[in-house]
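Trainee: My structure is in work20.txt, and what it holds is compact mmCIF, C-alpha atoms:
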# COMPACT_ATOMS: atom_id res chain seq x y z
CA MET X 1 105.49 -71.00 17.95
CA SER X 2 105.40 -71.35 21.74
CA MET X 3 106.05 -68.12 23.62
CA ILE X 4 105.08 -65.83 26.49
CA LEU X 5 102.97 -62.93 25.25
CA SER X 6 102.41 -60.75 28.31
CA ALA X 7 102.50 -60.64 32.10
CA SER X 8 100.88 -58.64 34.90
CA VAL X 9 101.33 -58.10 38.63
CA ILE X 10 98.04 -57.69 40.50
CA ARG X 11 97.07 -57.09 44.13
CA VAL X 12 94.93 -59.98 45.33
CA ARG X 13 92.49 -58.31 47.71
CA ASP X 14 90.99 -55.86 45.20
CA GLY X 15 92.41 -56.78 41.77
CA LEU X 16 94.41 -53.54 41.47
CA PRO X 17 97.01 -53.90 38.66
CA LEU X 18 100.42 -52.95 40.03
CA SER X 19 102.52 -53.51 36.92
CA ALA X 20 102.28 -55.12 33.48
CA SER X 21 104.22 -55.68 30.31
CA THR X 22 103.47 -53.02 27.73
CA ASP X 23 103.81 -54.98 24.49
CA TYR X 24 100.46 -56.76 24.16
CA GLU X 25 99.86 -58.41 20.83
CA GLN X 26 96.91 -56.96 18.92
CA GLY X 27 95.41 -60.22 17.63
CA THR X 28 91.72 -60.89 18.28
CA GLY X 29 92.45 -63.93 20.48
CA VAL X 30 94.95 -62.02 22.60
CA GLN X 31 92.56 -59.10 23.04
CA GLU X 32 89.91 -61.56 24.22
CA CYS X 33 92.37 -62.97 26.75
CA ARG X 34 92.87 -59.50 28.20
CA LYS X 35 89.19 -59.61 29.21
CA TYR X 36 89.88 -62.86 31.04
CA PHE X 37 92.77 -61.14 32.82
CA LYS X 38 90.32 -58.59 34.22
CA MET X 39 87.78 -61.25 35.17
CA LEU X 40 90.41 -63.32 36.96
CA SER X 41 91.71 -60.23 38.77
CA LYS X 42 88.30 -59.78 40.40
CA LYS X 43 88.23 -63.43 41.54
CA LEU X 44 91.81 -63.86 42.80
CA ALA X 45 90.69 -63.86 46.42
CA GLN X 46 88.51 -66.91 45.68
CA LEU X 47 91.06 -68.90 43.69
CA PRO X 48 93.91 -71.21 44.74
CA ASP X 49 97.46 -69.86 44.69
CA ARG X 50 98.47 -71.65 41.46
CA CYS X 51 96.05 -71.84 38.54
CA THR X 52 95.76 -72.26 34.79
CA LEU X 53 92.96 -71.10 32.51
CA LYS X 54 92.92 -72.55 28.98
CA THR X 55 91.34 -70.21 26.43
CA GLY X 56 91.58 -71.91 23.06
CA HIS X 57 95.00 -71.23 21.56
CA TYR X 58 96.25 -69.46 24.71
CA ASN X 59 96.80 -70.27 28.38
CA ILE X 60 96.66 -67.90 31.34
CA ASN X 61 98.79 -69.02 34.29
CA PHE X 62 99.19 -67.29 37.64
CA ILE X 63 100.57 -67.72 41.12
CA SER X 64 99.74 -65.75 44.25
CA SER X 65 101.78 -65.11 47.37
CA LEU X 66 101.80 -62.50 50.16
CA GLY X 67 98.77 -60.70 48.76
CA VAL X 68 100.16 -60.27 45.22
CA SER X 69 99.37 -62.32 42.11
CA TYR X 70 101.68 -62.79 39.10
CA MET X 71 99.79 -63.56 35.90
CA MET X 72 101.00 -64.39 32.41
CA LEU X 73 99.56 -65.15 28.98
CA CYS X 74 101.27 -67.69 26.74
CA THR X 75 100.50 -69.87 23.75
CA GLU X 76 98.81 -73.19 24.48
CA ASN X 77 101.93 -75.24 23.67
CA TYR X 78 104.25 -73.30 25.99
CA PRO X 79 105.69 -75.73 28.60
CA ASN X 80 104.07 -75.53 32.04
CA VAL X 81 107.37 -75.83 33.87
CA LEU X 82 108.78 -72.81 32.01
CA ALA X 83 105.59 -70.81 32.55
CA PHE X 84 105.61 -71.27 36.34
CA SER X 85 109.37 -70.84 36.55
CA PHE X 86 108.90 -67.48 34.77
CA LEU X 87 106.21 -66.47 37.29
CA ASP X 88 108.43 -67.61 40.14
CA GLU X 89 111.21 -65.28 38.93
CA LEU X 90 108.77 -62.36 38.73
CA GLN X 91 107.59 -63.08 42.26
CA LYS X 92 111.08 -63.22 43.76
CA GLU X 93 112.19 -60.02 42.04
CA PHE X 94 109.01 -58.12 42.95
CA ILE X 95 109.22 -59.13 46.62
CA THR X 96 112.89 -58.11 46.68
CA THR X 97 112.22 -54.75 45.01
CA TYR X 98 109.01 -53.64 46.76
CA ASN X 99 108.09 -54.19 50.41
CA MET X 100 104.60 -55.18 51.55
CA MET X 101 103.88 -51.70 52.89
CA LYS X 102 104.17 -50.23 49.38
CA THR X 103 101.99 -52.87 47.76
CA ASN X 104 99.35 -52.68 50.50
CA THR X 105 99.07 -48.89 50.38
CA ALA X 106 99.15 -48.46 46.58
CA VAL X 107 96.06 -46.58 45.40
CA ARG X 108 96.51 -45.96 41.68
CA PRO X 109 96.79 -48.61 38.95
CA TYR X 110 100.23 -49.48 37.55
CA CYS X 111 102.08 -47.49 40.19
CA PHE X 112 105.03 -49.92 39.80
CA ILE X 113 105.09 -49.77 36.01
CA GLU X 114 108.90 -49.54 36.07
CA PHE X 115 108.87 -53.25 36.98
CA ASP X 116 107.98 -53.76 33.30
CA ASN X 117 111.71 -53.52 32.51
CA PHE X 118 112.37 -56.70 34.48
CA ILE X 119 109.29 -58.39 32.98
CA GLN X 120 110.53 -57.64 29.46
CA ARG X 121 114.05 -58.94 30.10
CA THR X 122 112.79 -62.10 31.75
CA LYS X 123 110.21 -62.69 29.03
CA GLN X 124 112.89 -62.44 26.33
CA ARG X 125 114.97 -65.04 28.16
CA TYR X 126 112.07 -67.44 28.53
CA ASN X 127 111.05 -67.01 24.90
CA ASN X 128 114.46 -68.43 23.98
CA PRO X 129 114.50 -71.76 25.89
CA ARG X 130 117.88 -72.80 24.47
CA SER X 131 119.58 -70.02 26.37
CA LEU X 132 117.70 -70.99 29.53
CA SER X 133 118.94 -74.56 29.82
CA THR X 134 122.32 -73.49 31.14
CA LYS X 135 121.03 -70.67 33.38
CA ILE X 136 118.25 -72.17 35.48
CA ASN X 137 117.54 -75.50 37.06
CA LEU X 138 113.99 -76.58 36.27
CA SER X 139 114.06 -79.88 38.13
CA ASP X 140 112.69 -78.43 41.40
CA MET X 141 109.84 -76.64 39.66
CA GLN X 142 109.10 -79.74 37.58
CA MET X 143 108.86 -81.84 40.74
CA GLU X 144 106.65 -79.28 42.49
CA ILE X 145 104.23 -79.08 39.56
CA LYS X 146 104.10 -82.86 39.46
CA LEU X 147 103.34 -83.10 43.19
CA ARG X 148 100.96 -80.14 43.24
CA PRO X 149 99.69 -79.37 39.74
CA PRO X 150 98.00 -76.02 39.05
CA TYR X 151 94.24 -75.85 39.48
CA GLN X 152 92.52 -75.97 36.08
CA ILE X 153 89.91 -73.21 35.88
CA SER X 154 87.07 -73.89 33.47
CA MET X 155 85.10 -71.23 31.63
CA CYS X 156 81.89 -72.07 33.51
CA GLU X 157 83.74 -71.62 36.81
CA LEU X 158 85.10 -68.26 35.72
CA GLY X 159 81.61 -66.92 35.04
CA SER X 160 80.48 -64.55 32.34
CA ALA X 161 81.92 -61.12 31.70
CA ASN X 162 78.70 -59.39 32.69
CA GLY X 163 79.18 -60.30 36.36
CA VAL X 164 76.90 -63.35 36.67
CA THR X 165 77.93 -65.36 39.72
CA SER X 166 79.53 -68.64 38.72
CA ALA X 167 79.12 -72.02 40.34
CA PHE X 168 82.78 -71.83 41.27
CA SER X 169 82.30 -68.84 43.56
CA ILE X 170 79.75 -70.88 45.51
CA ASP X 171 81.49 -74.26 45.52
CA TYR X 172 84.92 -72.92 46.28
CA LYS X 173 83.82 -70.65 49.10
CA GLY X 174 84.08 -73.35 51.69
CA ALA X 175 87.49 -74.58 50.51
CA GLY X 176 89.27 -71.44 49.46
CA LYS X 177 87.82 -68.72 51.65
CA ILE X 178 88.42 -69.89 55.16
CA SER X 179 85.75 -69.10 57.72
CA SER X 180 86.42 -66.07 59.87
CA ALA X 181 87.03 -68.27 62.88
CA HIS X 182 90.02 -69.87 61.16
CA GLN X 183 91.07 -67.10 58.77
CA ARG X 184 94.76 -66.22 58.88
CA LEU X 185 96.18 -62.76 58.47
CA GLU X 186 99.14 -61.81 56.32
CA PRO X 187 102.55 -62.18 58.03
CA ALA X 188 103.23 -59.41 60.53
CA THR X 189 105.57 -56.66 59.40
CA LEU X 190 108.11 -54.88 61.63
CA SER X 191 105.78 -51.89 61.96
CA GLY X 192 102.96 -54.24 62.95
CA ILE X 193 105.09 -55.79 65.71
CA VAL X 194 106.05 -52.33 66.96
CA ALA X 195 102.37 -51.32 66.97
CA PHE X 196 101.47 -54.43 69.00
CA ILE X 197 104.17 -53.68 71.61
CA LEU X 198 103.14 -50.02 71.89
CA SER X 199 99.48 -50.98 72.28
CA LEU X 200 100.39 -53.40 75.08
CA LEU X 201 102.43 -50.61 76.71
CA CYS X 202 99.46 -48.24 76.59
CA GLY X 203 97.24 -50.93 78.08
CA ALA X 204 99.74 -51.54 80.88
CA LEU X 205 100.01 -47.81 81.64
CA ASN X 206 96.22 -47.50 81.79
CA LEU X 207 95.98 -50.51 84.06
CA ILE X 208 98.74 -49.26 86.41
CA ARG X 209 97.05 -45.88 86.76
CA GLY X 210 93.75 -47.59 87.56
CA PHE X 211 92.08 -46.74 84.26
CA HIS X 212 90.47 -49.36 82.07
CA ALA X 213 92.76 -50.84 79.40
CA ILE X 214 90.14 -52.70 77.38
CA GLU X 215 90.47 -50.54 74.25
CA SER X 216 94.24 -51.14 73.97
CA LEU X 217 93.79 -54.88 74.51
CA LEU X 218 91.03 -54.93 71.90
CA GLN X 219 93.39 -53.28 69.43
CA CYS X 220 95.99 -55.96 70.15
CA TYR X 221 93.37 -58.63 69.50
CA LEU X 222 92.30 -57.06 66.19
CA LEU X 223 95.93 -56.75 65.13
CA VAL X 224 96.58 -60.46 65.72
CA TYR X 225 93.29 -62.17 64.85
CA TYR X 226 90.80 -61.95 62.02
CA THR X 227 87.16 -61.17 62.86
CA GLY X 228 84.16 -60.02 60.94
CA TRP X 229 83.91 -56.24 60.44
CA ARG X 230 87.51 -56.00 61.63
CA ASN X 231 88.26 -52.59 60.12
CA VAL X 232 85.03 -51.08 61.46
CA LYS X 233 85.81 -52.41 64.93
CA SER X 234 89.32 -50.93 64.77
CA PHE X 235 87.99 -47.44 63.91
CA LEU X 236 85.37 -47.66 66.66
CA THR X 237 88.06 -48.71 69.12
CA PHE X 238 90.21 -45.74 68.09
CA GLY X 239 87.21 -43.48 68.63
CA LEU X 240 86.81 -44.95 72.13
CA ILE X 241 90.51 -44.23 72.83
CA CYS X 242 90.03 -40.60 71.81
CA LEU X 243 86.92 -40.26 74.01
CA CYS X 244 88.70 -41.81 76.99
CA ASN X 245 91.62 -39.44 76.64
CA MET X 246 89.25 -36.48 76.41
CA TYR X 247 87.68 -37.69 79.67
CA LEU X 248 91.14 -37.95 81.26
CA TYR X 249 92.22 -34.53 79.99
CA GLU X 250 92.63 -33.08 83.49
CA LEU X 251 94.54 -36.10 84.82
CA ARG X 252 97.16 -36.33 82.05
CA ASN X 253 99.55 -33.85 80.55
CA LEU X 254 99.57 -33.07 76.83
CA TRP X 255 102.49 -35.41 76.09
CA GLN X 256 100.69 -38.36 77.68
CA LEU X 257 97.52 -37.60 75.74
CA PHE X 258 99.49 -37.21 72.51
CA PHE X 259 101.30 -40.53 73.10
CA HIS X 260 98.12 -42.54 73.72
CA VAL X 261 96.18 -41.05 70.80
CA THR X 262 99.13 -41.36 68.41
CA VAL X 263 99.71 -45.00 69.36
CA GLY X 264 95.98 -45.67 68.91
CA ALA X 265 96.05 -44.12 65.42
CA PHE X 266 99.21 -46.04 64.49
CA VAL X 267 97.76 -49.38 65.63
CA THR X 268 94.51 -48.66 63.75
CA LEU X 269 96.53 -48.07 60.57
CA GLN X 270 98.41 -51.35 61.05
CA ILE X 271 95.14 -53.23 61.57
CA TRP X 272 93.84 -51.78 58.31
CA LEU X 273 97.05 -52.65 56.43
CA ARG X 274 97.31 -56.22 57.72
CA GLN X 275 94.70 -57.93 55.59
CA ALA X 276 93.43 -61.50 55.69
CA GLN X 277 95.26 -64.09 53.62
CA SER X 278 93.14 -65.13 50.68
CA LYS X 279 95.06 -68.35 50.09
CA ALA X 280 96.47 -71.12 52.19
CA PRO X 281 100.01 -69.93 53.06
CA ASP X 282 101.73 -73.18 52.08
CA TYR X 283 102.92 -72.01 48.63
CA ASP X 284 106.56 -71.10 48.82
CA VAL X 285 108.51 -71.36 45.57
Rewrite the coordinates I just gave you, this time as structure tokens.

Mentor:
Amino acid sequence: MSMILSASVIRVRDGLPLSASTDYEQGTGVQECRKYFKMLSKKLAQLPDRCTLKTGHYNINFISSLGVSYMMLCTENYPNVLAFSFLDELQKEFITTYNMMKTNTAVRPYCFIEFDNFIQRTKQRYNNPRSLSTKINLSDMQMEIKLRPPYQISMCELGSANGVTSAFSIDYKGAGKISSAHQRLEPATLSGIVAFILSLLCGALNLIRGFHAIESLLQCYLLVYYTGWRNVKSFLTFGLICLCNMYLYELRNLWQLFFHVTVGAFVTLQIWLRQAQSKAPDYDV
């Protein structure tokens, strides 16, 4: 019998599980597939945004977008178009329910476990394809899969469970992980745009008063562009802002000092939250 067995929502950059269905089957094959879930979670940043892993009688499919991956386990004969349509529904609902700030700042596993309710309802619908035919239009997804089929991950590419580096992690590095010179960051949020404007304002105020504005401009650069050691540079820049304001203590009142330091801290936080995209941003289903 073809069916969806389980699904998970995972953060791409560190493999943190955000939510999952809670009704895993207890068969030996399914338990083995759960190990593959964990292995894939650690490699999401190296993998394309739409993949399939065939594990004997079961398939693991996943899609990734905006720093979050949606992964599902199904039987080997479950139709591909239904599998990726199911993942597409999870993605749309998750993005609608939780903003990027929440997913980026989550620190404990399964902090959005209540999303399991939607996973369960959607899984029940997709496990009864007859009821689906009148509710969803699969033609668009069918065409997209035909034009851009999911990447087939092999077991040798995945690597062994004991952490041995696979050939895939070497071969794919040039194609999937873009060099730092061309790496793109995640789309800017409203708070990120506000931080950029405030940092420019601080730089302009420093320049008008005759003080150097290099630290504010450097923060703007780090907020917009990806560089190596980006987070370290942002914290060092914030430290420089604090030192400069200590030096200017006698020339500024407390409110001015508070404004510049607070803006510096806010921009540093936004730099830390705006991570590099791990995938090419052309997947939009």

Trainee: If you take all atoms listed in the file and a cut-off of 10 Å, which residues of stretch 7-26 of chain X touch stretch 34-38 of chain X, and what are their nearest atom pairs and distances in Å to one decimal, in chain and number order, as CSV?

Mentor:
residue,atom,partner,partner_atom,distance
X:Ala7,CA,X:Phe37,CA,9.8
X:Ser8,CA,X:Phe37,CA,8.7
X:Ile10,CA,X:Phe37,CA,9.9
X:Gly15,CA,X:Lys38,CA,8.0
X:Leu16,CA,X:Lys38,CA,9.7
X:Pro17,CA,X:Lys38,CA,9.3
X:Tyr24,CA,X:Arg34,CA,9.0

Trainee: In Å, with one decimal, what is the gap from atom CA of X:Pro149 to atom CA of X:Lys54?

Mentor: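 Distance reported for this atom pair: 14.4 Å.
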
Trainee: For X:Glu144, which residue among X:Asn59, X:Leu201, X:Arg50, X:Thr75 is the nearest when counting all atoms listed in the file?

Mentor: X:Arg50

Trainee: Pick out the closest residue to X:Leu251 from this set: X:Ser234, X:Thr103, X:Ser191, X:Asn206. Count all atoms listed in the file.

Mentor: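 When distances to X:Leu251 are compared using all atoms listed in the file, the smallest one comes from X:Asn206.
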
Trainee: Select, counting all atoms listed in the file, all protein, DNA and RNA residues no farther than 12 Å from (107.1, -76.7, 22.5) in file coordinates, and express the selection as a list of chain:residue names.

Mentor: X:Met1, X:Ser2, X:Met3, X:Ile4, X:Cys74, X:Thr75, X:Glu76, X:Asn77, X:Tyr78, X:Pro79, X:Asn80, X:Val81, X:Leu82, X:Ala83, X:Asn127, X:Asn128, X:Pro129, X:Arg130

Trainee: Please report the interatomic distance between atom CA of X:Phe266 and atom CA of X:Leu222 in Å with one decimal.

Mentor: 13.1 Å
